[in-house]
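Chemist: Sharing entry.txt here; it has compact mmCIF, C-alpha atoms and all ligand atoms.
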```txt
# COMPACT_ATOMS: atom_id res chain seq x y z
CA MET F 1 24.17 30.14 -8.14
CA GLN F 2 22.43 27.14 -9.61
CA LEU F 3 18.91 27.53 -10.88
CA LYS F 4 17.81 24.03 -9.99
CA ASP F 5 15.61 24.17 -6.86
CA SER F 6 16.18 27.94 -6.41
CA VAL F 7 13.02 29.75 -5.29
CA ILE F 8 12.47 32.83 -7.45
CA ILE F 9 9.66 35.38 -7.23
CA ILE F 10 8.69 37.00 -10.55
CA THR F 11 6.36 40.00 -10.44
CA GLY F 12 4.21 40.51 -13.51
CA GLY F 13 4.77 36.78 -14.02
CA GLY F 14 1.36 36.18 -15.58
CA GLN F 15 2.23 37.27 -19.11
CA GLY F 16 4.83 38.83 -21.40
CA LEU F 17 8.45 38.92 -20.28
CA GLY F 18 7.59 37.75 -16.77
CA ARG F 19 5.92 34.58 -18.00
CA SER F 20 8.65 33.97 -20.53
CA MET F 21 11.36 34.26 -17.85
CA ALA F 22 9.31 31.99 -15.58
CA GLU F 23 9.05 29.24 -18.20
CA PHE F 24 12.74 29.57 -19.12
CA LEU F 25 13.86 29.29 -15.47
CA ALA F 26 11.34 26.50 -14.77
CA ALA F 27 12.89 24.48 -17.59
CA ARG F 28 16.14 24.71 -15.64
CA GLY F 29 14.51 23.37 -12.49
CA ALA F 30 13.74 26.64 -10.65
CA ARG F 31 10.75 26.89 -8.29
CA LEU F 32 8.71 29.96 -9.20
CA ALA F 33 6.42 32.22 -7.20
CA LEU F 34 4.46 34.10 -9.85
CA VAL F 35 2.97 37.44 -8.80
CA ASP F 36 0.39 39.33 -10.87
CA LEU F 37 -3.05 40.95 -10.73
CA ASP F 38 -5.17 38.31 -12.47
CA GLN F 39 -5.69 34.83 -10.98
CA GLN F 40 -6.60 33.07 -14.21
CA ARG F 41 -3.61 34.45 -16.09
CA LEU F 42 -1.38 33.42 -13.18
CA ASP F 43 -2.77 29.90 -13.10
CA GLU F 44 -2.13 29.48 -16.84
CA ALA F 45 1.45 30.70 -16.39
CA ALA F 46 2.02 28.40 -13.41
CA ALA F 47 0.70 25.43 -15.43
CA ALA F 48 3.09 26.32 -18.27
CA CYS F 49 6.01 26.42 -15.79
CA LYS F 50 5.11 22.99 -14.46
CA ALA F 51 4.89 21.65 -18.00
CA ALA F 52 8.36 23.12 -18.62
CA GLY F 53 9.77 21.12 -15.71
CA GLY F 54 9.73 23.42 -12.66
CA ASP F 55 7.48 23.95 -9.68
CA ALA F 56 5.28 27.10 -9.65
CA ARG F 57 2.64 28.75 -7.49
CA SER F 58 0.61 31.87 -8.12
CA TYR F 59 0.02 34.91 -5.92
CA VAL F 60 -2.43 37.71 -6.69
CA CYS F 61 -0.76 40.87 -5.41
CA ASN F 62 -0.52 44.52 -6.42
CA VAL F 63 3.20 45.36 -6.15
CA ALA F 64 2.32 48.99 -5.41
CA ASN F 65 0.38 48.04 -2.26
CA GLU F 66 2.61 47.82 0.82
CA GLU F 67 0.35 45.48 2.77
CA GLN F 68 -0.23 43.11 -0.14
CA VAL F 69 3.51 42.89 -0.84
CA GLY F 70 4.25 42.08 2.82
CA ASP F 71 1.58 39.36 2.87
CA MET F 72 2.76 37.91 -0.45
CA VAL F 73 6.38 37.65 0.72
CA ASN F 74 5.34 35.93 3.98
CA GLN F 75 3.16 33.50 2.04
CA VAL F 76 5.91 32.63 -0.46
CA ALA F 77 8.37 32.02 2.40
CA SER F 78 5.89 29.79 4.17
CA ASP F 79 4.95 27.87 0.98
CA PHE F 80 8.51 27.29 -0.26
CA GLY F 81 10.61 27.59 2.93
CA ALA F 82 13.22 29.75 1.16
CA ILE F 83 13.63 32.68 -1.23
CA ASN F 84 16.71 32.85 -3.46
CA GLY F 85 15.69 35.42 -6.02
CA LEU F 86 13.31 38.12 -7.16
CA ILE F 87 12.68 39.57 -10.59
CA ASN F 88 11.05 43.01 -10.37
CA ASN F 89 9.31 42.83 -13.71
CA ALA F 90 5.73 44.11 -13.21
CA GLY F 91 5.32 47.34 -15.12
CA ILE F 92 2.78 49.53 -16.87
CA LEU F 93 2.77 52.20 -19.58
CA ARG F 94 0.65 55.38 -19.42
CA ASP F 95 2.36 57.39 -22.16
CA GLY F 96 1.71 61.06 -22.85
CA LEU F 97 3.54 64.27 -23.65
CA LEU F 98 4.28 66.59 -20.72
CA LEU F 99 2.48 69.39 -22.58
CA LYS F 100 0.40 69.30 -25.76
CA SER F 101 -1.15 72.17 -27.68
CA LYS F 102 -4.51 71.38 -29.30
CA ASP F 103 -6.82 74.00 -30.83
CA GLY F 104 -5.00 76.73 -28.96
CA GLN F 105 -5.42 74.90 -25.66
CA ILE F 106 -2.50 73.57 -23.61
CA GLN F 107 -3.08 70.04 -22.34
CA LYS F 108 -0.97 68.85 -19.41
CA LEU F 109 0.12 65.34 -18.47
CA SER F 110 -2.13 64.57 -15.51
CA LEU F 111 -0.77 63.89 -12.04
CA SER F 112 -2.66 60.58 -11.96
CA GLN F 113 -1.02 59.49 -15.23
CA TRP F 114 2.38 60.36 -13.74
CA GLN F 115 1.66 58.80 -10.35
CA SER F 116 0.22 55.49 -11.58
CA VAL F 117 3.44 54.63 -13.42
CA ILE F 118 5.68 55.79 -10.57
CA ASP F 119 3.59 53.73 -8.13
CA VAL F 120 3.94 50.44 -10.03
CA ASN F 121 7.27 50.79 -11.86
CA LEU F 122 9.29 52.50 -9.11
CA THR F 123 7.54 52.21 -5.72
CA GLY F 124 6.54 48.61 -6.51
CA VAL F 125 10.20 47.75 -7.12
CA PHE F 126 11.16 49.43 -3.83
CA LEU F 127 8.48 47.58 -1.83
CA CYS F 128 9.24 44.15 -3.31
CA THR F 129 13.01 44.50 -2.97
CA ARG F 130 12.76 45.77 0.60
CA ASP F 131 10.44 43.02 1.81
CA VAL F 132 11.99 40.17 -0.17
CA GLY F 133 15.50 41.30 0.89
CA ALA F 134 14.42 41.38 4.55
CA LYS F 135 12.92 37.90 4.29
CA MET F 136 16.02 36.50 2.58
CA ILE F 137 18.20 37.87 5.38
CA GLU F 138 15.81 36.51 8.03
CA LEU F 139 15.86 33.06 6.39
CA GLY F 140 19.65 33.15 5.89
CA ASN F 141 19.19 32.84 2.10
CA GLN F 142 21.53 34.38 -0.45
CA GLY F 143 20.80 35.10 -4.09
CA LEU F 144 19.94 37.69 -6.71
CA ILE F 145 17.41 40.46 -7.28
CA ILE F 146 16.90 41.56 -10.90
CA ASN F 147 15.30 44.90 -11.73
CA ILE F 148 13.76 45.22 -15.18
CA SER F 149 14.62 48.73 -16.35
CA SER F 150 14.24 49.83 -19.98
CA ILE F 151 16.02 51.51 -22.86
CA SER F 152 13.64 54.41 -22.05
CA ARG F 153 15.66 55.15 -18.91
CA ALA F 154 17.80 57.32 -21.20
CA GLY F 155 14.77 59.58 -21.77
CA ASN F 156 12.07 58.82 -24.33
CA ILE F 157 9.61 61.30 -25.80
CA GLY F 158 6.09 60.85 -24.44
CA GLN F 159 7.34 58.85 -21.48
CA SER F 160 8.08 61.33 -18.64
CA ASN F 161 6.62 58.95 -16.06
CA TYR F 162 8.05 55.72 -17.51
CA SER F 163 11.53 57.13 -18.23
CA ALA F 164 11.78 58.58 -14.71
CA ALA F 165 10.74 55.28 -13.13
CA LYS F 166 13.09 53.18 -15.28
CA ALA F 167 16.04 55.53 -14.65
CA GLY F 168 15.22 55.30 -10.94
CA VAL F 169 15.22 51.52 -11.10
CA ALA F 170 18.62 51.54 -12.83
CA ALA F 171 20.10 53.80 -10.12
CA LEU F 172 18.58 51.66 -7.36
CA THR F 173 20.29 48.61 -8.86
CA VAL F 174 23.63 50.23 -8.02
CA VAL F 175 22.51 51.47 -4.57
CA TRP F 176 21.10 48.12 -3.48
CA ALA F 177 24.00 46.09 -4.90
CA ARG F 178 26.29 48.13 -2.67
CA GLU F 179 24.02 47.89 0.37
CA LEU F 180 23.03 44.21 0.13
CA ALA F 181 26.37 42.64 -0.89
CA ARG F 182 27.18 42.20 2.81
CA PHE F 183 24.19 39.84 3.10
CA GLY F 184 25.21 37.79 0.08
CA ILE F 185 22.48 39.34 -2.08
CA ARG F 186 23.42 40.54 -5.56
CA VAL F 187 21.31 43.10 -7.44
CA ALA F 188 21.40 43.37 -11.24
CA GLY F 189 19.36 45.11 -13.90
CA ILE F 190 18.24 44.37 -17.43
CA ALA F 191 17.32 47.26 -19.73
CA PRO F 192 15.42 45.74 -22.66
CA GLY F 193 14.90 47.59 -25.89
CA PHE F 194 11.73 46.79 -27.83
CA ILE F 195 10.62 43.22 -27.21
CA GLU F 196 7.64 41.36 -28.73
CA THR F 197 5.10 41.22 -25.88
CA GLU F 198 1.52 42.27 -25.15
CA MET F 199 2.97 45.62 -23.97
CA THR F 200 4.54 46.47 -27.33
CA ALA F 201 1.56 44.97 -29.20
CA SER F 202 -0.50 47.75 -27.61
CA MET F 203 1.64 50.43 -29.31
CA LYS F 204 0.38 52.12 -32.49
CA PRO F 205 1.52 50.08 -35.57
CA GLU F 206 3.08 53.20 -37.20
CA ALA F 207 5.10 53.93 -34.06
CA LEU F 208 6.20 50.31 -33.84
CA GLU F 209 7.28 50.20 -37.50
CA LYS F 210 9.25 53.42 -37.14
CA MET F 211 10.93 52.10 -34.02
CA THR F 212 11.89 48.77 -35.61
CA ALA F 213 13.45 50.54 -38.59
CA GLY F 214 15.80 52.37 -36.20
CA ILE F 215 17.09 49.18 -34.54
CA PRO F 216 20.48 48.17 -36.04
CA LEU F 217 19.38 44.49 -36.04
CA LYS F 218 16.10 45.55 -37.76
CA ARG F 219 13.88 43.50 -35.50
CA MET F 220 12.41 43.54 -32.02
CA GLY F 221 13.85 41.27 -29.36
CA LYS F 222 12.17 38.03 -28.36
CA PRO F 223 11.06 37.38 -24.78
CA ASP F 224 13.32 34.31 -24.67
CA GLU F 225 16.33 36.53 -25.30
CA ILE F 226 15.52 38.47 -22.12
CA ALA F 227 14.89 35.23 -20.21
CA HIS F 228 18.26 33.89 -21.36
CA SER F 229 19.95 36.97 -19.84
CA ALA F 230 18.07 36.57 -16.56
CA ALA F 231 19.36 32.99 -16.31
CA TYR F 232 22.90 34.23 -17.02
CA LEU F 233 22.65 36.83 -14.24
CA PHE F 234 21.57 34.18 -11.74
CA GLU F 235 24.41 31.88 -12.73
CA ASN F 236 27.24 34.43 -12.91
CA GLU F 237 28.06 35.21 -9.30
CA PHE F 238 30.43 38.09 -10.10
CA TYR F 239 27.63 40.12 -11.71
CA THR F 240 26.15 42.80 -9.46
CA GLY F 241 25.37 46.53 -9.49
CA ARG F 242 25.19 46.80 -13.27
CA VAL F 243 22.42 47.02 -15.83
CA LEU F 244 22.65 44.76 -18.87
CA GLU F 245 21.47 46.51 -22.04
CA LEU F 246 19.60 44.22 -24.41
CA ASP F 247 18.27 46.31 -27.27
CA GLY F 248 19.63 45.09 -30.62
CA GLY F 249 22.03 48.05 -30.62
CA LEU F 250 19.33 50.75 -30.48
CA ARG F 251 20.26 53.98 -28.69
CA LEU F 252 17.60 56.50 -27.66
P1 LIG M 1 3.16 43.17 -19.96
O1 LIG M 1 2.99 42.19 -21.07
O2 LIG M 1 2.19 44.29 -19.85
O3 LIG M 1 3.19 42.36 -18.57
C1 LIG M 1 3.32 43.01 -17.34
C2 LIG M 1 2.52 42.24 -16.32
O4 LIG M 1 2.61 42.95 -15.06
C3 LIG M 1 1.03 42.17 -16.67
O5 LIG M 1 0.52 40.88 -16.42
C4 LIG M 1 0.43 43.21 -15.75
O6 LIG M 1 -0.92 43.01 -15.43
C5 LIG M 1 1.31 43.03 -14.51
N1 LIG M 1 1.16 44.16 -13.60
C6 LIG M 1 0.90 45.45 -13.92
N2 LIG M 1 0.77 46.18 -12.82
C7 LIG M 1 0.95 45.35 -11.77
C8 LIG M 1 0.92 45.52 -10.38
N3 LIG M 1 0.66 46.71 -9.83
N4 LIG M 1 1.14 44.45 -9.58
C9 LIG M 1 1.39 43.23 -10.11
N5 LIG M 1 1.42 43.01 -11.43
C10 LIG M 1 1.20 44.04 -12.26
O7 LIG M 1 4.60 43.83 -20.02
P2 LIG M 1 5.98 43.26 -20.60
O8 LIG M 1 6.17 43.79 -21.97
O9 LIG M 1 6.10 41.81 -20.38
O10 LIG M 1 7.00 44.07 -19.68
C11 LIG M 1 7.56 43.51 -18.51
C12 LIG M 1 8.57 44.49 -17.94
O11 LIG M 1 9.57 44.75 -18.91
C13 LIG M 1 7.97 45.85 -17.56
O12 LIG M 1 8.60 46.33 -16.39
C14 LIG M 1 8.34 46.72 -18.74
O13 LIG M 1 8.40 48.08 -18.39
C15 LIG M 1 9.69 46.15 -19.12
N6 LIG M 1 10.07 46.41 -20.50
C16 LIG M 1 9.37 45.87 -21.53
C17 LIG M 1 9.79 46.13 -22.83
C18 LIG M 1 9.07 45.54 -24.01
O14 LIG M 1 9.45 45.85 -25.15
N7 LIG M 1 8.06 44.69 -23.84
C19 LIG M 1 10.90 46.94 -23.06
C20 LIG M 1 11.58 47.48 -22.00
C21 LIG M 1 11.17 47.19 -20.71
P3 LIG M 1 -2.02 43.87 -16.26
O15 LIG M 1 -1.91 43.45 -17.69
O16 LIG M 1 -3.32 43.49 -15.61
O17 LIG M 1 -1.68 45.33 -16.07
```
Would you give me this structure, written as structure tokens?
Modeler:
Amino acid sequence: MQLKDSVIIITGGGQGLGRSMAEFLAARGARLALVDLDQQRLDEAAAACKAAGGDARSYVCNVANEEQVGDMVNQVASDFGAINGLINNAGILRDGLLLKSKDGQIQKLSLSQWQSVIDVNLTGVFLCTRDVGAKMIELGNQGLIINISSISRAGNIGQSNYSAAKAGVAALTVVWARELARFGIRVAGIAPGFIETEMTASMKPEALEKMTAGIPLKRMGKPDEIAHSAAYLFENEFYTGRVLELDGGLRL
């Protein structure tokens, strides 16, 4: 699949990995539909994509809201006339131990902390893939859906919610690759390790330092290195149903 003129939706496209992938693909001539929560951030990302050489439009949409996702997909199809790809990248962290003992009291991970991450990182991926897939079939378009999983899918301390969602996303990559191949839609995953973005910048410096020391390459990944892999997955038409691990050799 060639990137030039391909219409690709990127959720969480306003910053971090999403924006980096958008700019990388725009530089190769892709037409981007950027989806995020904040209009101003989206507009800045869209302007950066245009400066990089591709077309881009922005869509404010909460990926965890069924109605908003349906409306966003219809709008993208009507604005661009085609959809050739989706990157399910929007994600949040709400870390916490399942149980914590403090001053003789047991503190539990709250249901809302659990649910908020499942809603965005797992249900959001389901809603976007379902509605974008349906629209691609309706329009007779073929292409690729990329799910952004994480190294934490293996099970990371303090990340019950996030690990469960990212493991779910990895499994769904296999399920949907099998189900959607008949429509000419491939589904691939990327499981990044620790990458320099706003998300990792929000981690405690001590935790970040400890984590970096454990990476065989002794550094975090760069957003461009993830974007490079996304471009590869679009271009390699034999790649489907697998999750590419991009973590500098780190194993959790
Ligand atoms: P980021 O900098 O926090 O960017 C994520 C973007 O998604 C933000 O603009 C965020 O908006 C948006 N978003 C959050 N909830 C949303 C929703 N319900 N609907 C639409 N947009 C929403 O994160 P990142 O580091 O680039 O991470 C991108 C993806 O890679 C995530 O799925 C993450 O789990 C995964 N990942 C990242 C790393 C890493 O080291 N950075 C490693 C492994 C996996 P707000 O800021 O307003 O919430």
Chemist: Work out how far CA of Ile87 in chain F is from CA of Val125 in chain F, in Å to one decimal.
Modeler: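 Separation of CA of Val125 in chain F and CA of Ile87 in chain F: 9.2 Å.
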Chemist: To one decimal in Å, tell me the separation between CA of Ser6 in chain F and CA of Ala82 in chain F.
Modeler: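 Answer for the CA of Ser6 in chain F to CA of Ala82 in chain F separation: 8.3 Å.
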Chemist: Take every atom of ligand LIG 1 (chain M) listed in the file, fit an axis-aligned box around them, add 4 Å per side, and give the centre and edge lengths in Å to one decimal as AutoDock Vina command-line options.
Modeler:
```
--center_x 4.1 --center_y 44.5 --center_z -17.4 --size_x 22.9 --size_y 15.2 --size_z 23.6
```
Chemist: So that I can check the surroundings of Glu209 in chain F, please list as a PyMOL selection string every protein, DNA and RNA residue that reaches within 12 Å of it, counting all atoms listed in the file and ignoring chain neighbours fewer than 6 positions away.
Modeler: chain F and resi 194+200-201+203+215+218-220
Chemist: Let me have all residues with an atom within 6 Å of ligand LIG 1 (chain M), counting all atoms listed in the file, laid out as a ChimeraX atom specification.
Modeler: /F:11-12,14-18,36-37,61-64,89-92,120,148-150,192-200
Chemist: Just the residues within 10 Å of Phe234 in chain F, please, counting all atoms listed in the file, with nothing from its chain fewer than 3 positions along; format it as number ranges by chain.
Modeler: F: 1-3, 6, 25, 84-85, 143-146, 186-188, 229-231, 237-239
Chemist: How about saving the chosen residues, C-alpha atoms kept, as a short mmCIF file (atom, residue, chain, number, x, y, z; two decimals), in the frame of the given file?
Modeler:
```cif
data_model
loop_
_atom_site.label_atom_id
_atom_site.label_comp_id
_atom_site.auth_asym_id
_atom_site.auth_seq_id
_atom_site.Cartn_x
_atom_site.Cartn_y
_atom_site.Cartn_z
CA MET F 1 24.17 30.14 -8.14
CA GLN F 2 22.43 27.14 -9.61
CA LEU F 3 18.91 27.53 -10.88
CA SER F 6 16.18 27.94 -6.41
CA LEU F 25 13.86 29.29 -15.47
CA ASN F 84 16.71 32.85 -3.46
CA GLY F 85 15.69 35.42 -6.02
CA GLY F 143 20.80 35.10 -4.09
CA LEU F 144 19.94 37.69 -6.71
CA ILE F 145 17.41 40.46 -7.28
CA ILE F 146 16.90 41.56 -10.90
CA ARG F 186 23.42 40.54 -5.56
CA VAL F 187 21.31 43.10 -7.44
CA ALA F 188 21.40 43.37 -11.24
CA SER F 229 19.95 36.97 -19.84
CA ALA F 230 18.07 36.57 -16.56
CA ALA F 231 19.36 32.99 -16.31
CA GLU F 237 28.06 35.21 -9.30
CA PHE F 238 30.43 38.09 -10.10
CA TYR F 239 27.63 40.12 -11.71
#
```
Chemist: Find, counting only C-alpha atoms, the residue in F:Lys108, F:Arg251, F:Arg94, F:Lys100 that gets nearest to Asn121 in chain F.
Modeler: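 Result for the nearest residue to Asn121 in chain F: F:Arg94.
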Chemist: Would you be able to write out as a PyMOL selection string which residues have an atom within 12 Å of (0.7, 50.3, -0.1) in the file's coordinates, counting only C-alpha atoms?
Modeler: chain F and resi 61-71+119-120+123-124+126-128
Chemist: Write out as a PyMOL selection string the residues lying within 9 Å of Ala77 in chain F, counting only C-alpha atoms and excluding same-chain residues fewer than 6 positions away.
Modeler: chain F and resi 83+135-136+139
Chemist: Please indicate the distance in Å from CA of Ser160 in chain F to CA of Pro216 in chain F, rounded to one decimal place.
Modeler: 25.1 Å
Chemist: Within 10 Å of (18.6, 45.3, 1.7) in the file's own coordinates, which protein, DNA or RNA residues have an atom, counting only C-alpha atoms? List them as a ChimeraX atom specification.
Modeler: /F:129-137,175-183,185-187
Chemist: Point out the residue among F:Gly96, F:Gly104, F:Gly248, F:Gly189 with the least atom-to-atom distance to Gln159 in chain F, counting all atoms listed in the file.
Modeler: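 Selected residue with least distance to Gln159 in chain F: F:Gly96.
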Chemist: When distances are computed from all atoms listed in the file, which of F:Val60, F:Leu32, F:Leu93, F:Val174 shows the smallest separation from Ala47 in chain F?
Modeler: F:Leu32
Chemist: Of the candidates F:Ala33, F:Ile106, F:Ala52, F:Ala227, which one gets nearest to Asn74 in chain F if we count all atoms listed in the file?
Modeler: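 Under the stated criterion, the closest residue is F:Ala33.
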Chemist: Considering all atoms listed in the file, can you say which of F:Met21, F:Leu98, F:Ile8, F:Ala154 comes closest to Gly168 in chain F?
Modeler: F:Ala154
Chemist: Which of these, F:Ile151, F:Ile10, F:Cys49, F:Leu246, has the shortest distance to Leu217 in chain F once you count all atoms listed in the file?
Modeler: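 Result for the nearest residue to Leu217 in chain F: F:Leu246.
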Chemist: Give me range 219-229 of chain F with all heavy atoms filled in, as a short mmCIF file (atom, residue, chain, number, x, y, z; two decimals), in the frame of the given file.
Modeler:
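out.cif, freshly written:
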```cif
data_model
loop_
_atom_site.label_atom_id
_atom_site.label_comp_id
_atom_site.auth_asym_id
_atom_site.auth_seq_id
_atom_site.Cartn_x
_atom_site.Cartn_y
_atom_site.Cartn_z
N ARG F 219 14.97 44.32 -36.04
CA ARG F 219 13.88 43.50 -35.50
C ARG F 219 13.75 43.79 -34.02
O ARG F 219 14.68 44.31 -33.39
CB ARG F 219 14.14 42.01 -35.72
CG ARG F 219 15.32 41.44 -34.92
CD ARG F 219 15.32 39.91 -34.97
NE ARG F 219 16.47 39.33 -34.27
CZ ARG F 219 16.48 39.02 -32.97
NH1 ARG F 219 15.43 39.27 -32.20
NH2 ARG F 219 17.55 38.47 -32.41
N MET F 220 12.58 43.43 -33.47
CA MET F 220 12.41 43.54 -32.02
C MET F 220 13.04 42.31 -31.37
O MET F 220 13.26 41.28 -32.04
CB MET F 220 10.92 43.59 -31.68
CG MET F 220 10.26 44.84 -32.20
SD MET F 220 8.90 45.34 -31.14
CE MET F 220 7.68 44.17 -31.61
N GLY F 221 13.30 42.42 -30.08
CA GLY F 221 13.85 41.27 -29.36
C GLY F 221 12.75 40.28 -29.06
O GLY F 221 11.55 40.60 -29.13
N LYS F 222 13.15 39.06 -28.73
CA LYS F 222 12.17 38.03 -28.36
C LYS F 222 12.23 37.82 -26.85
O LYS F 222 13.31 37.91 -26.25
CB LYS F 222 12.50 36.72 -29.09
CG LYS F 222 12.46 36.88 -30.60
CD LYS F 222 12.46 35.56 -31.32
CE LYS F 222 12.51 35.76 -32.84
NZ LYS F 222 11.54 36.72 -33.35
N PRO F 223 11.08 37.56 -26.23
CA PRO F 223 11.06 37.38 -24.78
C PRO F 223 12.09 36.37 -24.29
O PRO F 223 12.70 36.56 -23.23
CB PRO F 223 9.63 36.87 -24.52
CG PRO F 223 8.82 37.47 -25.62
CD PRO F 223 9.72 37.50 -26.83
N ASP F 224 12.32 35.31 -25.06
CA ASP F 224 13.32 34.31 -24.67
C ASP F 224 14.72 34.87 -24.56
O ASP F 224 15.54 34.36 -23.79
CB ASP F 224 13.35 33.21 -25.75
CG ASP F 224 12.79 31.91 -25.20
OD1 ASP F 224 12.07 31.99 -24.19
OD2 ASP F 224 13.10 30.85 -25.77
N GLU F 225 14.99 35.93 -25.35
CA GLU F 225 16.33 36.53 -25.30
C GLU F 225 16.54 37.30 -23.99
O GLU F 225 17.65 37.39 -23.47
CB GLU F 225 16.54 37.41 -26.54
CG GLU F 225 16.63 36.55 -27.79
CD GLU F 225 16.56 37.32 -29.11
OE1 GLU F 225 15.86 38.34 -29.19
OE2 GLU F 225 17.20 36.87 -30.08
N ILE F 226 15.45 37.83 -23.44
CA ILE F 226 15.52 38.47 -22.12
C ILE F 226 15.66 37.39 -21.04
O ILE F 226 16.47 37.49 -20.11
CB ILE F 226 14.26 39.33 -21.85
CG1 ILE F 226 14.08 40.40 -22.93
CG2 ILE F 226 14.32 39.96 -20.46
CD1 ILE F 226 15.17 41.44 -23.00
N ALA F 227 14.87 36.33 -21.19
CA ALA F 227 14.89 35.23 -20.21
C ALA F 227 16.29 34.60 -20.14
O ALA F 227 16.79 34.28 -19.06
CB ALA F 227 13.86 34.19 -20.60
N HIS F 228 16.92 34.46 -21.28
CA HIS F 228 18.26 33.89 -21.36
C HIS F 228 19.24 34.74 -20.53
O HIS F 228 20.09 34.22 -19.81
CB HIS F 228 18.67 33.88 -22.84
CG HIS F 228 19.98 33.24 -23.12
ND1 HIS F 228 21.13 33.96 -23.28
CD2 HIS F 228 20.32 31.94 -23.27
CE1 HIS F 228 22.13 33.14 -23.52
NE2 HIS F 228 21.67 31.91 -23.51
N SER F 229 19.08 36.06 -20.60
CA SER F 229 19.95 36.97 -19.84
C SER F 229 19.67 36.88 -18.34
O SER F 229 20.59 36.98 -17.53
CB SER F 229 19.75 38.42 -20.29
OG SER F 229 20.11 38.52 -21.63
#
```
